[in-house]
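Shown next, in structure tokens, is the structure this report addresses.
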Amino acid sequence: MRVNVLGPLQVLVDGAPVEVRGKRLRWLLIRLAMEPGRVVAAERLIADLWADEPPVDGPASLQSLVSRLRRTVGASAISSHALGYRLEASTDVEEFSRTRDAALWRAAAFEDAPFAVDEAVRLALLRDDLAGLEALASAHPLREDVQARLMLALHAAGRRSDALGVFERVRGALADELGVDPGEALASAHLTVLRERSARGNLPAVVGSFVGRDADLARLAELLRDNRLVTLTGFGGVGKTRLALTCAAAVPEAWFVELDSAADPLAALDAALGPNPLATPVFSRLGSSLVVLDNCEHVVSAAASLCERLLASAPSASVLATSREPLGIPGEVVFPVAPLDLDHAVRLFAARVGVAFDGDVVRRVCAALDGIPLAVELAAARARSLSAAQLEARVDSRLRLLDRGARTGPARHRTLRAVIDWSWELLDDAERALLARLAVFVGGATAAAVHSVCGAGSRRGTPLLGTPAFQRTQDPRQDQDLWDTEDLLSALVEKSLVVRTGERYRLLETVREYALEQGEADSARHAAYYVALAELNEPLLRGPRQLDALRVFDAERANLDAAQAWAITNDVGLARRMMAARTWHWLVMTKRFEEIRRWAPLTPGDPLSQVLASLGTSNALAAAERLWQEDVPTALCALMLTSGTVWGEAELGLRLTRLADRLEQSRDEWMRAFSALIRGVVAGEFSDGAAPRAEAAYREALDGFRAVGDRWAVVFGLSCLVMVLMNRGAFAEGFQAVSEARQVAAELGEPETVLVPMSVLMQTARIKLRLGDLAGARADLELVPPPQLELDRARIAQAHGEVAYFDGDFEEAVKLYQQALTGTEGSPASQFKATVHAGLGLALTRLGRLHQAGEEHEKALDTVKQSADGPARAMVLEWYADWLLAQGDPTSAGNALDEAQRLRGCPSSDPMVVQLRDRIRAEVGVDR
């Protein structure tokens with residue numbers, strides 16, 4: 001679809017015109033077309049479309065309007081988003097902004113839409129359409145902002161008297177019609193026009209659009225108002241010169257001094273100021289002008305000296321310098337220029353490439369180029385001769401890919417390699433050595449890591465692990481190494497080759513690729529450091545410093561991956577250590593199953609890796625056997641992997657009991673708490689009549705975990721406790737427990753990212769159902785992220801089936817329970833499978849399909865009898881009793897409830913079970 005608004009509204013669908021009737025409907029389409037490709041906030045649309053008469057229910061009115069427009073132009077033409085709506089069509093606004101093609105204009109833009117005045121003014125200025133601007137000003141005689149922009153445009157066109165005439169006319173109209181004086185915008189424009197002296201300077205004309213620096217321009221203008229020397233620093237090609245020139249263009253008098261090849265900056269300044277027939281001293285010629293000193297880094301000392309003299313001798317002048325490092329003189333304000341964010345980098349690529357290109361590929365390419373404007377422009381130039389797939393395939397070899405630039409540009413900017421060569425040549429030998437070694441880090445590093453892996457003393461002594469900054473020691477030699485490394489690292493940051501963010505230091509990927517070519521990266525030292533770092537932090541994941549350890553694992557993920565990849569190829573022992581050190585984080589703390597699947601098969605012969613590789617299969621338990629007598633945390637990982645899918649197997653219950661006995665003797669409080677947790681699992685999942693003991697053991701474990709400060713273990717213990725409470729019908733108490741679990745899990749991140757027996761959100765939803773809150777249950781289930789394991793998908797289907805059942809939609813419940821059963825095929829989780837069969841039987845009974853219901857209950861009973869899980873068998877029997885009663889056999893139903901109570905070890909207070917027992921009593925006439 002195509003929407004044209006640079007004239008009367010025109011809508012083309014597959015080349016055929018479509019008529020949009022109704023003023024407000026047309027306004028909505030015009031408003032969306034004003035911001036092509038962007039989501040327009042609903043609040044903004046409401047304010048613009050109903051400026052004078054806001055509807056009572058704005059969102060509903062807007063939604064109705066959108067629905068009508070979709071029926072007219074097609075449902076896919078307008079997409080809905082969390083904050084508003086987006087037009088999914090090409091527009092002449094976007095095409096004109098990109099091409100400046102005047103042929104796109106058919107008449108006045110945006111028809112008579114009142115909200116479009118500012119955009120119409122912007123486009124008129126963009127196309128140098130002074131007549132169009134005058135027409136807009138005539139149509140809106142009391143819009144001071146429009147009149148002010150017309151005055152400035154007339155003045156710039158040499159029509160000073162006309163500009164002053166506009167002011168007088170508007171001032172009179174304001175006084176006559178509104179009784180007010182001109183506001184700030186009009187008064188400021190008037191003052192500008194009244195100035196006798198026109199702007200002076202030698203700024204080169206800007207070529208091409210300027211993308212993504214509005215905030216930088218505003219901040220830079222603010223700094224220049226309050227400071228006389230501002231230095232723009234940043235990596236080569238990041239856009240310092242363009243930003244400086246754009247900012248200087250708004251100053252009445254600005255001089256551009258290029259120091260690229262200038263041996264004497266003062267002579268360069270004198271030459272930039274032009275002919276000087278009276279031989280006036282250079283600084284006295286500056287007046288109150290702004291001097292832009294560009295590319296100071298290769299003559300940084302001379303440039304600094306020039307600035308000191310200039311600021312002292314020309315008290316009304318100011319300096320805007322660009323350099324890859326600060327000048328380092330008093331009064332200097334340093335303004336680091338960052339690469340473009342991804343969205344603006346994509347816009348720059350699109351503006352430069354000139355041909356249609358795959359949007360996803362462009363985003364990936366721009367991300368790989370760190371958003372560096374020069375790199376993006378060089379890539380856009382290559383895109384004219386390469387396909388999207390070719391460009392993306394080659395972007396990791398940036399230095400070779402981006403080897404062609406503008407023929408007339410500075411040599412240092414003609415290729416990406418030339419940009420870095422320029423900076424490399426300005427370093428001394430020690431700086432070059434450190435920069436080359438820093439390439440070993442992926443995603444940055446702490447200062448301690450830099451010293452241990454790359455520093456002057458990195459080949460001796462022990463690594464400084466876990467410290468974000470340098471620590472002094474009692475060893476003078478090591479202290480000197482620390483100082484040397486710190487000084488070199490700081491120098492590289494100052495020279496814009498290393499980026500510091502908080503306590504971390506990193507190389508842009510472009511610089512890293514260049515540095516890797518130098519062959520100084522010590523991958524063995526890097527791997528040893530990060531294995532040791534992971535081993536140091538792994539135990540902390542089970543205590544009060546848990547959140548700090550999580551942050552370390554998350555921040556160092558790329559380095560840990562790189563170290564592990566190197567170790568797998570070069571040092572199997574180191575690879576196994578890394579696997580052991582990362583497993584608890586992957587499996588227990590964050591449920592990163594994709595990481596486990598990625599790394600486990602790459603470490604052959606490692607028992608833990610074999611267990612991890614069998615995750616979610618029936619082979620997991622057999623693989624775990626080799627671990628259970630080894631290091632306890634590793635054994636617990638095996639427990640996490642295996643027990644969740646085979647809880648209820650009697651033999652496993654015996655093994656768990658032996659493990660609990662061993663842990664109970666530990667001096668470590670966490671291990672003793674975990675022993676109590678395992679005993680709770682054995683009592684609740686592998687025993688008959690022991691639910692009360694399971695509940696007591698879980699509460700004991702929780703007391704221990706709270707004491708040691710392990711949030712994950714608290715969430716896990718609460719999840720186990722909730723299952724016991726739900727099974728006996730203590731829903732209110734279960735809701736309190738699951739609410740605490742949800743709150744504690746949120747401290748670790750997303751509640752669904754920690755390993756628990758059942759999703760915290762699903763547990764919350766299932767309890768809310770039983771408490772009568774169907775809407776709350778649905779809302780919680782909507783928050784559950786897409787599962788990674790088939791069994792988890794089955795659990796979600798079962799939960800939705802329960803929602804349908806409690807809502808009385810038994811047909812939908814049957815479908816969802818059947819879907820859940822499909823997900824259990826091949827799974828050893830007999831308890832879960834049995835509860836799904838039993839739930840399906842309940843739904844079929846409600847539908848009167850008693851024969852089918854009986855078959856499902858028989859399957860449930862047959863499946864659950866393979867399990868030692870007494871409470872699970874009890875629940876299946878209770879639901880079977882419901883079917884027996886429906887069959888007209890209250891005596892057998894009562895016997896089933898009695899057996900369920902024995903298997904659980906206590907009566908159920910579930911209202912459904914209580915009501916069922918009351919009905920049975922009424923049927924048989926006996927007090928059971």
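For the structure tokens, the naming scheme is as follows: chains receive sequential letters (A, B, ...) according to their order of presentation, residues are indexed from 1 within each chain, and ligands are indexed from 1 in presentation order.
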
Next on the checklist: I need the residues of stretch 757-813 of chain A that end up classed as alpha helix (DSSP H) by DSSP on the backbone, written out as a PyMOL selection string.
Outcome noted: chain A and resi 760-770+774-783+790-806+810-813

Write the selection just made, keeping N, CA and C atoms, as a tab-separated table (two decimals), in the first residue's frame?
```tsv
chain	number	residue	atom	x	y	z
A	760	VAL	N	6.36	-20.79	38.84
A	760	VAL	CA	5.74	-20.00	39.90
A	760	VAL	C	4.46	-19.34	39.39
A	761	LEU	N	4.49	-18.86	38.16
A	761	LEU	CA	3.30	-18.22	37.61
A	761	LEU	C	2.17	-19.24	37.43
A	762	MET	N	2.51	-20.46	37.01
A	762	MET	CA	1.47	-21.46	36.83
A	762	MET	C	0.90	-21.90	38.18
A	763	GLN	N	1.77	-22.01	39.19
A	763	GLN	CA	1.26	-22.34	40.52
A	763	GLN	C	0.31	-21.26	41.01
A	764	THR	N	0.70	-19.99	40.80
A	764	THR	CA	-0.18	-18.89	41.20
A	764	THR	C	-1.51	-18.98	40.49
A	765	ALA	N	-1.48	-19.24	39.19
A	765	ALA	CA	-2.72	-19.32	38.41
A	765	ALA	C	-3.60	-20.46	38.90
A	766	ARG	N	-3.02	-21.62	39.18
A	766	ARG	CA	-3.82	-22.77	39.59
A	766	ARG	C	-4.46	-22.55	40.95
A	767	ILE	N	-3.75	-21.84	41.85
A	767	ILE	CA	-4.35	-21.55	43.15
A	767	ILE	C	-5.46	-20.51	43.00
A	768	LYS	N	-5.21	-19.49	42.18
A	768	LYS	CA	-6.25	-18.48	41.97
A	768	LYS	C	-7.53	-19.11	41.42
A	769	LEU	N	-7.37	-20.10	40.53
A	769	LEU	CA	-8.54	-20.79	40.01
A	769	LEU	C	-9.37	-21.38	41.15
A	770	ARG	N	-8.68	-22.05	42.05
A	770	ARG	CA	-9.37	-22.73	43.13
A	770	ARG	C	-9.91	-21.78	44.18
A	774	LEU	N	-10.78	-16.42	38.32
A	774	LEU	CA	-10.48	-16.91	36.98
A	774	LEU	C	-9.72	-15.87	36.16
A	775	ALA	N	-10.12	-14.59	36.29
A	775	ALA	CA	-9.45	-13.55	35.51
A	775	ALA	C	-7.98	-13.44	35.92
A	776	GLY	N	-7.73	-13.51	37.22
A	776	GLY	CA	-6.35	-13.44	37.69
A	776	GLY	C	-5.54	-14.63	37.21
A	777	ALA	N	-6.16	-15.80	37.17
A	777	ALA	CA	-5.46	-16.99	36.69
A	777	ALA	C	-5.08	-16.84	35.22
A	778	ARG	N	-6.02	-16.38	34.42
A	778	ARG	CA	-5.73	-16.18	33.00
A	778	ARG	C	-4.59	-15.17	32.82
A	779	ALA	N	-4.62	-14.08	33.58
A	779	ALA	CA	-3.59	-13.05	33.46
A	779	ALA	C	-2.21	-13.61	33.79
A	780	ASP	N	-2.12	-14.46	34.82
A	780	ASP	CA	-0.83	-15.04	35.18
A	780	ASP	C	-0.33	-16.00	34.11
A	781	LEU	N	-1.23	-16.79	33.55
A	781	LEU	CA	-0.81	-17.73	32.51
A	781	LEU	C	-0.32	-17.00	31.27
A	782	GLU	N	-0.90	-15.83	31.00
A	782	GLU	CA	-0.45	-15.05	29.84
A	782	GLU	C	0.99	-14.59	30.02
A	783	LEU	N	1.45	-14.48	31.27
A	783	LEU	CA	2.80	-13.99	31.54
A	783	LEU	C	3.85	-15.10	31.43
A	790	GLU	N	9.39	-29.87	26.14
A	790	GLU	CA	8.07	-30.37	25.75
A	790	GLU	C	7.18	-30.61	26.96
A	791	LEU	N	7.76	-31.12	28.04
A	791	LEU	CA	6.96	-31.38	29.24
A	791	LEU	C	6.40	-30.09	29.82
A	792	ASP	N	7.17	-29.01	29.76
A	792	ASP	CA	6.67	-27.72	30.26
A	792	ASP	C	5.53	-27.20	29.39
A	793	ARG	N	5.60	-27.45	28.09
A	793	ARG	CA	4.49	-27.06	27.22
A	793	ARG	C	3.22	-27.83	27.59
A	794	ALA	N	3.41	-29.10	27.96
A	794	ALA	CA	2.26	-29.89	28.39
A	794	ALA	C	1.67	-29.34	29.68
A	795	ARG	N	2.51	-28.91	30.60
A	795	ARG	CA	2.02	-28.35	31.86
A	795	ARG	C	1.20	-27.08	31.61
A	796	ILE	N	1.66	-26.26	30.68
A	796	ILE	CA	0.91	-25.03	30.36
A	796	ILE	C	-0.45	-25.38	29.77
A	797	ALA	N	-0.48	-26.38	28.88
A	797	ALA	CA	-1.77	-26.80	28.30
A	797	ALA	C	-2.70	-27.31	29.39
A	798	GLN	N	-2.16	-28.07	30.34
A	798	GLN	CA	-2.99	-28.56	31.44
A	798	GLN	C	-3.57	-27.40	32.25
A	799	ALA	N	-2.73	-26.38	32.53
A	799	ALA	CA	-3.19	-25.24	33.31
A	799	ALA	C	-4.32	-24.51	32.58
A	800	HIS	N	-4.18	-24.34	31.27
A	800	HIS	CA	-5.26	-23.70	30.50
A	800	HIS	C	-6.51	-24.59	30.50
A	801	GLY	N	-6.29	-25.90	30.50
A	801	GLY	CA	-7.43	-26.81	30.58
A	801	GLY	C	-8.18	-26.64	31.89
A	802	GLU	N	-7.45	-26.45	32.98
A	802	GLU	CA	-8.10	-26.22	34.27
A	802	GLU	C	-8.90	-24.92	34.26
A	803	VAL	N	-8.36	-23.87	33.62
A	803	VAL	CA	-9.10	-22.62	33.52
A	803	VAL	C	-10.43	-22.85	32.82
A	804	ALA	N	-10.37	-23.57	31.70
A	804	ALA	CA	-11.60	-23.85	30.96
A	804	ALA	C	-12.56	-24.67	31.81
A	805	TYR	N	-12.03	-25.66	32.55
A	805	TYR	CA	-12.89	-26.50	33.39
A	805	TYR	C	-13.60	-25.68	34.45
A	806	PHE	N	-12.85	-24.85	35.18
A	806	PHE	CA	-13.46	-24.05	36.24
A	806	PHE	C	-14.40	-22.98	35.70
A	810	PHE	N	-16.37	-27.15	29.33
A	810	PHE	CA	-15.82	-28.48	29.44
A	810	PHE	C	-15.31	-29.02	28.10
A	811	GLU	N	-15.94	-28.61	27.01
A	811	GLU	CA	-15.45	-29.04	25.69
A	811	GLU	C	-14.03	-28.51	25.46
A	812	GLU	N	-13.80	-27.22	25.78
A	812	GLU	CA	-12.46	-26.64	25.63
A	812	GLU	C	-11.48	-27.31	26.58
A	813	ALA	N	-11.94	-27.64	27.77
A	813	ALA	CA	-11.07	-28.32	28.73
A	813	ALA	C	-10.61	-29.66	28.17
```

Checklist entry - Using only C-alpha atoms, which residues sit within 6 Å of stretch 134-145 of chain A once same-chain residues fewer than 3 positions away are excluded, as a VMD selection string? => result chain A and resid 131 148 186

Next on the checklist: Residues within 8 Å of A:His81, please, as a PyMOL selection string. Count only C-alpha atoms; anything in the same chain fewer than 4 positions from it doesn't count.
Outcome noted: chain A and resi 39+85-86

Item to check | A:Val395 environment, 12 Å, only C-alpha atoms, sequence neighbours closer than 6 positions dropped, as a PyMOL selection string | outcome: chain A and resi 361-370+375-376+378-380+382-383+386+388-389+401-403+509-510+513

Just write the chosen residues, N, CA and C atoms, as a short mmCIF file (atom, residue, chain, number, x, y, z; two decimals), in the first residue's frame.
```
data_model
loop_
_atom_site.label_atom_id
_atom_site.label_comp_id
_atom_site.auth_asym_id
_atom_site.auth_seq_id
_atom_site.Cartn_x
_atom_site.Cartn_y
_atom_site.Cartn_z
N VAL A 361 18.77 -7.51 7.97
CA VAL A 361 20.19 -7.58 7.65
C VAL A 361 20.87 -6.26 8.00
N VAL A 362 20.21 -5.15 7.68
CA VAL A 362 20.79 -3.84 7.98
C VAL A 362 21.02 -3.69 9.48
N ARG A 363 20.07 -4.13 10.28
CA ARG A 363 20.22 -4.01 11.74
C ARG A 363 21.40 -4.84 12.22
N ARG A 364 21.54 -6.05 11.70
CA ARG A 364 22.65 -6.90 12.13
C ARG A 364 23.99 -6.33 11.68
N VAL A 365 24.03 -5.80 10.47
CA VAL A 365 25.27 -5.20 9.97
C VAL A 365 25.65 -3.98 10.80
N CYS A 366 24.69 -3.11 11.06
CA CYS A 366 24.97 -1.89 11.83
C CYS A 366 25.41 -2.23 13.25
N ALA A 367 24.81 -3.27 13.82
CA ALA A 367 25.22 -3.70 15.17
C ALA A 367 26.66 -4.21 15.14
N ALA A 368 27.00 -4.98 14.12
CA ALA A 368 28.37 -5.51 14.01
C ALA A 368 29.39 -4.40 13.81
N LEU A 369 28.95 -3.27 13.26
CA LEU A 369 29.85 -2.14 13.03
C LEU A 369 29.83 -1.14 14.18
N ASP A 370 29.21 -1.53 15.29
CA ASP A 370 29.20 -0.71 16.51
C ASP A 370 28.50 0.63 16.32
N ALA A 375 31.86 3.73 9.43
CA ALA A 375 31.76 2.33 9.05
C ALA A 375 30.42 2.04 8.39
N VAL A 376 29.35 2.64 8.93
CA VAL A 376 28.02 2.44 8.35
C VAL A 376 27.98 3.00 6.93
N LEU A 378 30.54 3.42 4.88
CA LEU A 378 31.36 2.58 4.01
C LEU A 378 30.61 1.29 3.66
N ALA A 379 29.89 0.74 4.64
CA ALA A 379 29.10 -0.47 4.37
C ALA A 379 27.99 -0.18 3.38
N ALA A 380 27.36 0.99 3.51
CA ALA A 380 26.31 1.37 2.57
C ALA A 380 26.88 1.48 1.15
N ARG A 382 29.38 -0.28 -0.01
CA ARG A 382 29.58 -1.65 -0.50
C ARG A 382 28.25 -2.32 -0.84
N ALA A 383 27.18 -1.90 -0.15
CA ALA A 383 25.87 -2.52 -0.36
C ALA A 383 25.35 -2.29 -1.77
N LEU A 386 26.96 -5.41 -3.40
CA LEU A 386 26.84 -6.71 -2.76
C LEU A 386 25.39 -6.96 -2.40
N ALA A 388 22.40 -8.56 0.12
CA ALA A 388 22.25 -8.53 1.57
C ALA A 388 23.00 -9.70 2.22
N ALA A 389 22.85 -10.89 1.65
CA ALA A 389 23.51 -12.07 2.21
C ALA A 389 25.03 -11.93 2.15
N LEU A 401 36.29 -5.84 4.36
CA LEU A 401 35.05 -5.47 3.67
C LEU A 401 35.01 -3.97 3.37
N LEU A 402 35.37 -3.16 4.38
CA LEU A 402 35.21 -1.72 4.25
C LEU A 402 36.53 -1.07 3.83
N ASP A 403 37.03 -1.51 2.68
CA ASP A 403 38.34 -1.06 2.21
C ASP A 403 38.22 -0.05 1.06
N GLU A 509 34.25 -3.53 18.32
CA GLU A 509 34.58 -4.73 17.57
C GLU A 509 35.52 -4.44 16.40
N THR A 510 35.39 -3.26 15.84
CA THR A 510 36.29 -2.87 14.75
C THR A 510 37.73 -2.80 15.24
N GLU A 513 39.08 -6.36 16.09
CA GLU A 513 39.52 -7.11 14.92
C GLU A 513 40.92 -6.69 14.51
#
```

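Between A:Pro373 and the residues A:Phe235, A:Trp422, A:Phe832, A:Phe735, the shortest atom-to-atom distance, using only C-alpha atoms, involves A:Phe235.
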
Next on the checklist: Which residues are close to stretch 498-507 of chain A, i.e. within 12 Å by only C-alpha atoms, leaving aside same-chain residues fewer than 4 positions away? Reply as a PyMOL selection string.
Outcome noted: chain A and resi 233-235+324-325+336-339+370+423+431-432+434-451+467-470+486+488-494+511-516+552+555-556+558-559

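For the pair atom CA of A:Leu311 and atom CA of A:Ser496, the interatomic distance is 25.4 Å.
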
Item to check | strand (DSSP E) call set, DSSP backbone run, stretch 41-198 of chain A, as an MDAnalysis selection string | outcome: chainID A and resid 41 78:80 84:87 90:91

Write a file of the selected residues as a PDB file, in the first residue's frame, keeping C-alpha atoms.
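This is the output file part27.pdb:
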```pdb
ATOM      1  CA  ALA A  41       1.479   6.839  20.748  1.00  0.00           C
ATOM      2  CA  ILE A  78      -2.186  -0.472  10.468  1.00  0.00           C
ATOM      3  CA  SER A  79      -0.424  -2.535  13.124  1.00  0.00           C
ATOM      4  CA  SER A  80      -1.164  -2.361  16.839  1.00  0.00           C
ATOM      5  CA  GLY A  84      -0.011   2.940  19.863  1.00  0.00           C
ATOM      6  CA  TYR A  85      -0.315   2.267  16.128  1.00  0.00           C
ATOM      7  CA  ARG A  86       1.967   2.213  13.091  1.00  0.00           C
ATOM      8  CA  LEU A  87       1.216   2.655   9.400  1.00  0.00           C
ATOM      9  CA  SER A  90       5.210   3.457   1.989  1.00  0.00           C
ATOM     10  CA  THR A  91       4.612   7.221   1.994  1.00  0.00           C
TER      11      THR A  91
END
```

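Atom to atom, atom CA of A:Val913 and atom CA of A:Arg679 stand 27.6 Å apart.
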
Next on the checklist: Please list as a VMD selection string every residue within 12 Å of stretch 20-22 of chain A, counting only C-alpha atoms and excluding residues in the same chain fewer than 5 positions away.
Outcome noted: chain A and resid 3 8 to 13 27 to 30 65 68 to 74

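Going from atom CA of A:Asp52 to atom CA of A:Arg31 covers 16.3 Å.
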
Item to check | Selection near stretch 579-592 of chain A, 6 Å with only C-alpha atoms, sequence-local residues under 2 positions removed, as a ChimeraX atom specification | outcome: /A:534-535,538,576-577,594-595,753-755
